[in-house]
Every structure is written in structure tokens, then in C-alpha cells.
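Working notes for the structure below.
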Amino acid sequence: MLRLRRFNALPSIAMRTCTILARHLALTTRPTPFFGVLRPTYWHRRLATASARASASAAALKTQPSSQIPPPAVVSDDLPMISMDAQKVAIGWDTRTWSRFHNVWLRDHCRCPQCFHQITKQRLVNTFEIPPGIMPSKVEQTADGLLVSWPSSEPHESLYPWSWLQENSYDPKISKAREPPPEKVLWSSKIQTSPPTIGYDEAMAEDNRGLYKWLSHVDRFGMCFISGVPPTPEATEELSRRIAFIRETQYGQFWDFTSDLAKGDTAYTTLALGAHTDNTYFTDPCGLQIFHLLSHTEGSGGATLLVDGFYVASILKELHPDAYSILAHTPVPAHAAGELSALYRPYPPSGYPVLSHDPTTGELIQVRWNNDDRSVMNNLDPYQVEEWYNAIRTWHKLLTSADSEYWVQLTPGTAVVIDNHRVLHGRSAFTGKRRMCGAYIGVDEYRSKLAVLRERFGPNPKSDRSVWSPAL
Ligand SMILES: [Zn+2]
């Protein structure tokens with residue numbers, strides 16, 4: 001059963017009962033908030049269960065046991081126990097929790113100024129000069145961490161902070177020692193009552209706090225509206241560049257377009273577009289996209305459709321684990337070929353699955369779906385063909401259910417940014433003249449900006465980036 005948690009920031013909404021989701025999940029009378037909050041550990045367990053049930057998990061899982069009891073923080077008058085042998089150093093955080101580190105691993109991860117550049121944060125130690133059988137001559141507990149003296153043939157001293165050793169413990173993994181990633185909030189159509197929104201002035205404020213709030217919304221919800229944006233391409237471009245430089249594609253850098261078929265893509269028509277992600281034909285689809293409707297005259301229609309792909313995937317996984325597994329494993333080829341000057345296909349050309357997962361945690365990390373841009377499915381085994389069509393039929397049905405579809409009529413002054421690796425978008429057909437502008441931003445630029453802002457404004461703000469940062 002989906003583990004759902006109340007979303008505290010929106011108590012009035014979170015308390016509402018989502019009858020459709022309840023029906024989906026075959027729940028009976030228990031009130032269920034429409035926001036589901038999932039952590040990677042949830043996916044890990046879910047995938048392990050699905051694997052046992054369907055003997056086909058959605059991701060390659062590591063089955064290393066992890067300690068669920070967090071080790072105590074180390075205090076100077078109660079230092080951990082330590083021991084070593086020819087292979088490893090063992091650290092006892094308490095009588096029950098031990099971490100073991102291979103000697104060669106410790107030597108390779110020394111972060112002293114000779115072994116690790118303190119400014120560039122790059123490795124200086126020559127990994128390949130470390131003797132394979134290296135063993136410390138001495139290990140000591142100090143208030144600052146584990147002090148390792150290496151043998152006289154390789155004289156060196158290394159000091160590893162206790163907290164860093166806990167965070168990076170791999171034998172066993174100590175999951176709670178690591179800072180958990182912020183929770184993702186999965187949403188259905190009911191998000192329309194209170195969609196994540198930030199004001200333009202706040203997003204543009206120089207102290208970057210508003211920018212952090214904005215990108216944190218995008219990280220948690222996969223989208224965020226920005227209200228009060230001057231309805232001009234210039235202001236929208238400036239807003240986009242608050243996040244990062246714009247990713248140029250065959251559609252240009254910053255786009256400002258109407259339904260004139262200026263580019264060979266249905267986006268440049270008045271046709272309805274079903275929920276899809278962009279750039280399924282790229283090896284690395286753009287991370288974020290920003291839309292801003294600048295004007296719509298002499299007509300109507302053209303509502304914007306947003307669907308949380310992670311929410312729909314969670315329902316698919318719950319109700320149709322076999323279909324989920326097929327979407328997680330079957331590569332789908334795609335192309336962009338509407339202009340003779342370009343012929344885009346992902347590399348490898350066999351494409352990528354609709355649902356991609358982190359191979360170490362099993363967490364769903366990306367949705368790629370555009371049925372219109374799909375190429376010939378010539379890599380299916382004959383016995384898979386009908387199963388595959390059944391799986392995408394089920395996926396399509398859930399994607400297009402009233403419960404999943406969040407329809408919103410954009411108006412000049414309100415821009416929206418969406419995570420193209422998670423949230424699908426579309427629109428209804430329209431008449432008249434519509435002028436839309438927007439931009440793509442690369443996923444790495446977006447994540448880098450968010451990580452930098454999190455270092456500064458997140459739960460454990462740091463004034464400087466240490467060589468012991470958990471990200472390095
Ligand atoms: Zn060193």
C-alpha cells in the first residue's frame with residue numbers, strides 16, 4: 001500500500017479525502033490526503049517487494065543490508081572503539097553498530113592537502129601508487145576523528161572526521177546518517193486548489209532566498225507558477241536566467257512563438273497536445289522548461305495541461321506492477337525529424353525506458369513519454385509486443401484520467417516552470433492568436449543551482465564548501 005503522509009504546509013488541503021486515489025488504491029474508509037510523500041527508501045522497499053512478487057524489479061537493486069539504527073553522534077569524552085587487521089579498519093559507534101572500511105579505501109580517500117586539492121576539490125593522491133595490500137601502522141581515536149598512520153614504506157598521516165565516516169559508511173550502509181533528500185510531493189488534479197506559486201519579485205530578489213524557495217518548490221512538486229511576471233519576452237528571459245543559462249536547441253535559445261508552423265513541430269500549430277515530456281529524442285532531455293503566455297487574442301481554448309508523472313507512476317506500480325516493470329525495462333526509440341536540416345535521435349538509438357530508476361536506490365528518477373515522437377518499435381521480442389501495448393494502454397489510461405489531469409488556463413503575467421524529467425505537459429486546441437515564450441534549462445544547471453542554494457539556505461547552512469562535504 002502506498003505510504004502517504006500528510007503534507008503539513010497545506011493543512012487544509014492535505015486533510016481532504018482523495019476518493020479517486022482511494023479507489024485506485026482499493027482503500028476503503030481511511031481518509032487519504034491527495035499528496036503522497038515518498039522517500040527513496042520507500043521506493044527501495046517497494047521495488048524489493050515488487051521484485052519478490054513479480055520476479056522482475058523495476059531497477060537493479062543492491063541488496064546490501066543497511067543499518068536502520070542511526071549511530072550516536074561522536075562526543076569527545078566517548079570516542080568510538082577501533083580495531084584493524086590486514087584488510088580493514090573497524091569502528092564501533094556503539095556496542096551494536098560497527099562500520100568497516102578497507103585500508104586501501106581509506107588511503108585513497110585521504111583529504112589532506114597533499115592528497116586532495118583544498119580549492120579545486122580534486123583528488124591529488126595517486127590511487128595507482130597505493131600498494132594493494134596497504135595496512136596502517138597505527139590507528140587512533142581523536143576528538144577530531146580517526147587518525148591513521150600509514151607504514152614507513154609509505155609514510156603519511158590521514159585524519160577522517162567521525163561524521164564523514166558515518167555518512168560514507170558502506171559496510172554496512174548507515175542510511176540515517178546521510179542527510180535524506182527533501183521529500184517529493186506527488187500530486188493529482190486536486191493540486192489546482194493550491195498549486196505551488198512564487199511571486200516574481202521574490203523570485204528575482206537579489207538575496208537569492210526567493211530563488212531557493214522557487215527551486216525547492218520545483219524540486220518537491222516538479223513545477224511552480226510565478227505570478228506577477230511582466231508579460232514581455234524580456235522579463236521572462238530574465239526570469240529564466242535567474243536559474244541558469246538557457247539551453248539552446250533546434251528551436252532556438254529563448255523562444256517566442258505563435259502557431260505559424262515556423263518550426264516543424266505540432267507545438268507550432270493550434271492542435272491539442274496530449275500530456276508528454278519534451279525531447280524524448282535527446283540523449284539528455286532538457287531539465288526544466290519555462291512557459292509564459294504573453295497574449296491570446298481573437299479566440300479561445302488553449303488551456304495548459306500538467307500531469308505529475310511520478311504520481312501516475314506510483315499508481316501504475318501499485319495497481320499494475322507488471323506493466324510498470326515493462327515500462328521500466330523497455331527502451332523506446334524516438335525522433336525529431338520535421339525539419340530537413342536536423343535528424344535527432346537519442347543515443348543509443350534504441351532509446352530509453354519510459355520510467356528510469358537510480359540503479360543504487362531504485363528511486364524513480366525520470367519519466368520520458370511522448371507517443372507522437374516515438375519511432376518504430378523494432379527491438380521488442382515477439383512475445384513482448386502485446387504485453388508492451390497493454391502496458392502503454394494502461395499507462396495512457398492513468399495519465400489521461402480526470403484524477404491525474406491538472407488543467408489550468410494560463411494568463412499573461414503568470415509563468416510556469418516544470419521539471420521535464422517528471423511532469424508531463426500538454427494543451428487543448430485553440431482558436432485565435434496565441435503568443436507564447438519560454439526556455440529550456442539543462443538538468444545539470446538546474447540541479448547545480450539548487451545544490452548551491454541548499455548549501456547556503458538549506459537545513460545545515462555552510463559558509464564555505466569543505467573537503468568533507470557529503471556531495472564530494
Ligand atoms: Zn593525505
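Ordered as shown in the C-alpha cells, chains take letters A, B, and onward, while each chain numbers its residues from 1 and ligands are numbered from 1 in the order shown.
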Practice item. Grab me every residue within 8 Å of ligand 1, counting only C-alpha atoms and all ligand atoms, and send it over as a list in words. Key: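 Counting only C-alpha atoms and all ligand atoms, the residues within 8 Å of ligand 1 come out as Arg107, Cys110, Arg111, Cys112, Pro113, Gln114, Cys115, Phe116, Val125, His156, Glu157 and Ser158 of chain A.
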Please produce an output containing C-alpha atoms for each residue in the selection, written as a compact mmCIF listing (two decimals), in the first residue's frame.
# COMPACT_ATOMS: atom_id res chain seq x y z
CA ARG A 107 44.20 5.66 1.88
CA CYS A 110 42.61 10.87 2.39
CA ARG A 111 41.60 14.53 2.11
CA CYS A 112 44.74 16.20 3.42
CA PRO A 113 46.20 18.99 1.27
CA GLN A 114 48.72 16.62 -0.34
CA CYS A 115 46.05 14.09 -1.29
CA PHE A 116 43.13 16.36 -2.18
CA VAL A 125 46.74 11.21 -4.37
CA HIS A 156 51.70 9.57 5.72
CA GLU A 157 49.01 10.52 8.22
CA SER A 158 45.30 10.77 7.43
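Remark: for A:Gly458, the closest of the candidate residues A:Pro181, A:Gly145, A:Pro80, A:Pro71 is A:Pro181 (distances computed over only C-alpha atoms).
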Within 10 Å of A:Cys437, counting only C-alpha atoms, which residues show up once you throw out same-chain ones fewer than 6 positions away? Write them as a compact mmCIF listing (two decimals) with N, CA and C atoms, in the first residue's frame, please.
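What follows is the written file part.txt:
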# COMPACT_ATOMS: atom_id res chain seq x y z
N PRO A 231 4.42 40.84 -18.70
CA PRO A 231 4.12 39.98 -19.86
C PRO A 231 4.94 40.35 -21.09
N THR A 232 6.24 40.24 -20.95
CA THR A 232 7.14 40.53 -22.07
C THR A 232 8.16 39.41 -22.18
N PRO A 233 8.67 39.19 -23.40
CA PRO A 233 9.73 38.18 -23.55
C PRO A 233 10.97 38.55 -22.75
N GLU A 234 11.26 39.84 -22.66
CA GLU A 234 12.49 40.26 -21.97
C GLU A 234 12.44 39.87 -20.48
N THR A 236 10.59 37.60 -19.13
CA THR A 236 10.54 36.14 -18.98
C THR A 236 11.92 35.54 -19.17
N GLU A 237 12.67 36.12 -20.11
CA GLU A 237 14.03 35.61 -20.32
C GLU A 237 14.91 35.90 -19.09
N PHE A 254 16.03 31.39 -26.48
CA PHE A 254 14.79 31.77 -25.81
C PHE A 254 13.71 31.77 -26.89
N TRP A 255 12.60 31.05 -26.69
CA TRP A 255 11.60 31.01 -27.74
C TRP A 255 10.48 32.01 -27.51
N ASP A 256 9.98 32.51 -28.60
CA ASP A 256 8.89 33.49 -28.58
C ASP A 256 8.13 33.13 -29.85
N PHE A 257 7.02 32.37 -29.69
CA PHE A 257 6.43 31.81 -30.90
C PHE A 257 4.91 31.88 -30.93
N THR A 258 4.39 31.73 -32.13
CA THR A 258 2.94 31.69 -32.36
C THR A 258 2.66 30.41 -33.16
N ILE A 290 10.33 26.63 -19.06
CA ILE A 290 9.52 27.74 -18.58
C ILE A 290 8.59 28.15 -19.72
N PHE A 291 7.33 28.32 -19.40
CA PHE A 291 6.34 28.82 -20.37
C PHE A 291 5.76 30.12 -19.86
N HIS A 292 5.47 31.01 -20.74
CA HIS A 292 4.73 32.21 -20.36
C HIS A 292 3.86 32.63 -21.54
N LEU A 293 2.54 32.61 -21.34
CA LEU A 293 1.61 33.05 -22.38
C LEU A 293 1.60 34.58 -22.36
N LEU A 294 2.04 35.17 -23.45
CA LEU A 294 2.13 36.64 -23.49
C LEU A 294 0.83 37.28 -23.94
N SER A 295 0.12 36.60 -24.83
CA SER A 295 -1.17 37.15 -25.27
C SER A 295 -1.98 36.07 -25.98
N ALA A 415 3.80 32.85 -15.29
CA ALA A 415 4.65 31.87 -15.97
C ALA A 415 4.64 30.58 -15.16
Review point. What are the DSSP alpha helix (DSSP H) residues of stretch 378-439 of chain A, as a PyMOL selection string?
Key: chain A and resi 385-399
Check your understanding: Counting only C-alpha atoms, what is within 10 Å of A:Arg241, bar same-chain residues fewer than 5 positions away, as number ranges by chain?
Key -> A: 235-236, 246, 439, 441
Check your understanding: Nearest to A:Thr283: which of A:Tyr344, A:Gly302, A:Val312, A:Glu318 is it, counting only C-alpha atoms?
Key -> A:Tyr344
Exercise for review: Identify, on the basis of only C-alpha atoms, every residue whose closest approach to stretch 382-384 of chain A does not exceed 10 Å; exclude the query and any residue fewer than 6 positions from it along the same chain; express the result as an MDAnalysis selection string.
Suggested key: chainID A and resid 326 330 390
Review point. Taking the backbone alone, and naming residues the way the document does, which bits of stretch 420-449 of chain A are strand (DSSP E or B) by DSSP, as a list in words?
Key: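 Strand (DSSP E or B) members of stretch 420-449 of chain A, listed: Val423, Leu424, His425, Gly426, Arg427, Phe430, Lys433, Arg434, Arg435, Met436, Cys437, Gly438, Ala439, Tyr440 and Ile441 of chain A.
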Write a file of the just-selected residues containing C-alpha atoms, as a PDB file, in the first residue's frame.
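For reference, out02.pdb as written:
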ATOM      1  CA  VAL A 423       5.880  16.481 -15.078  1.00  0.00           C
ATOM      2  CA  LEU A 424       4.167  15.995 -18.419  1.00  0.00           C
ATOM      3  CA  HIS A 425       2.536  18.914 -20.165  1.00  0.00           C
ATOM      4  CA  GLY A 426       0.040  19.451 -22.949  1.00  0.00           C
ATOM      5  CA  ARG A 427      -2.677  21.827 -24.034  1.00  0.00           C
ATOM      6  CA  PHE A 430      -7.331  26.771 -29.516  1.00  0.00           C
ATOM      7  CA  LYS A 433      -3.654  34.136 -31.998  1.00  0.00           C
ATOM      8  CA  ARG A 434      -1.550  32.957 -29.105  1.00  0.00           C
ATOM      9  CA  ARG A 435       1.899  34.238 -28.349  1.00  0.00           C
ATOM     10  CA  MET A 436       3.924  32.037 -26.049  1.00  0.00           C
ATOM     11  CA  CYS A 437       7.502  32.456 -24.905  1.00  0.00           C
ATOM     12  CA  GLY A 438       9.796  30.305 -22.841  1.00  0.00           C
ATOM     13  CA  ALA A 439      13.061  28.493 -22.488  1.00  0.00           C
ATOM     14  CA  TYR A 440      14.740  25.228 -21.679  1.00  0.00           C
ATOM     15  CA  ILE A 441      17.300  24.881 -18.907  1.00  0.00           C
TER      16      ILE A 441
END
**Study point:** Selected residue of minimal separation from A:Lys317 among A:Ala337, A:Leu355, A:Ala451, A:Val376, counting only C-alpha atoms
**Key:**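 Using only C-alpha atoms, A:Lys317 sits closest to A:Leu355.
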Exercise for review: Give the answer as one residue: which of A:Met135, A:Trp98, A:Thr360, A:Val332 has the shortest atom-to-atom distance to A:Met377, using only C-alpha atoms?
Suggested key: A:Val332
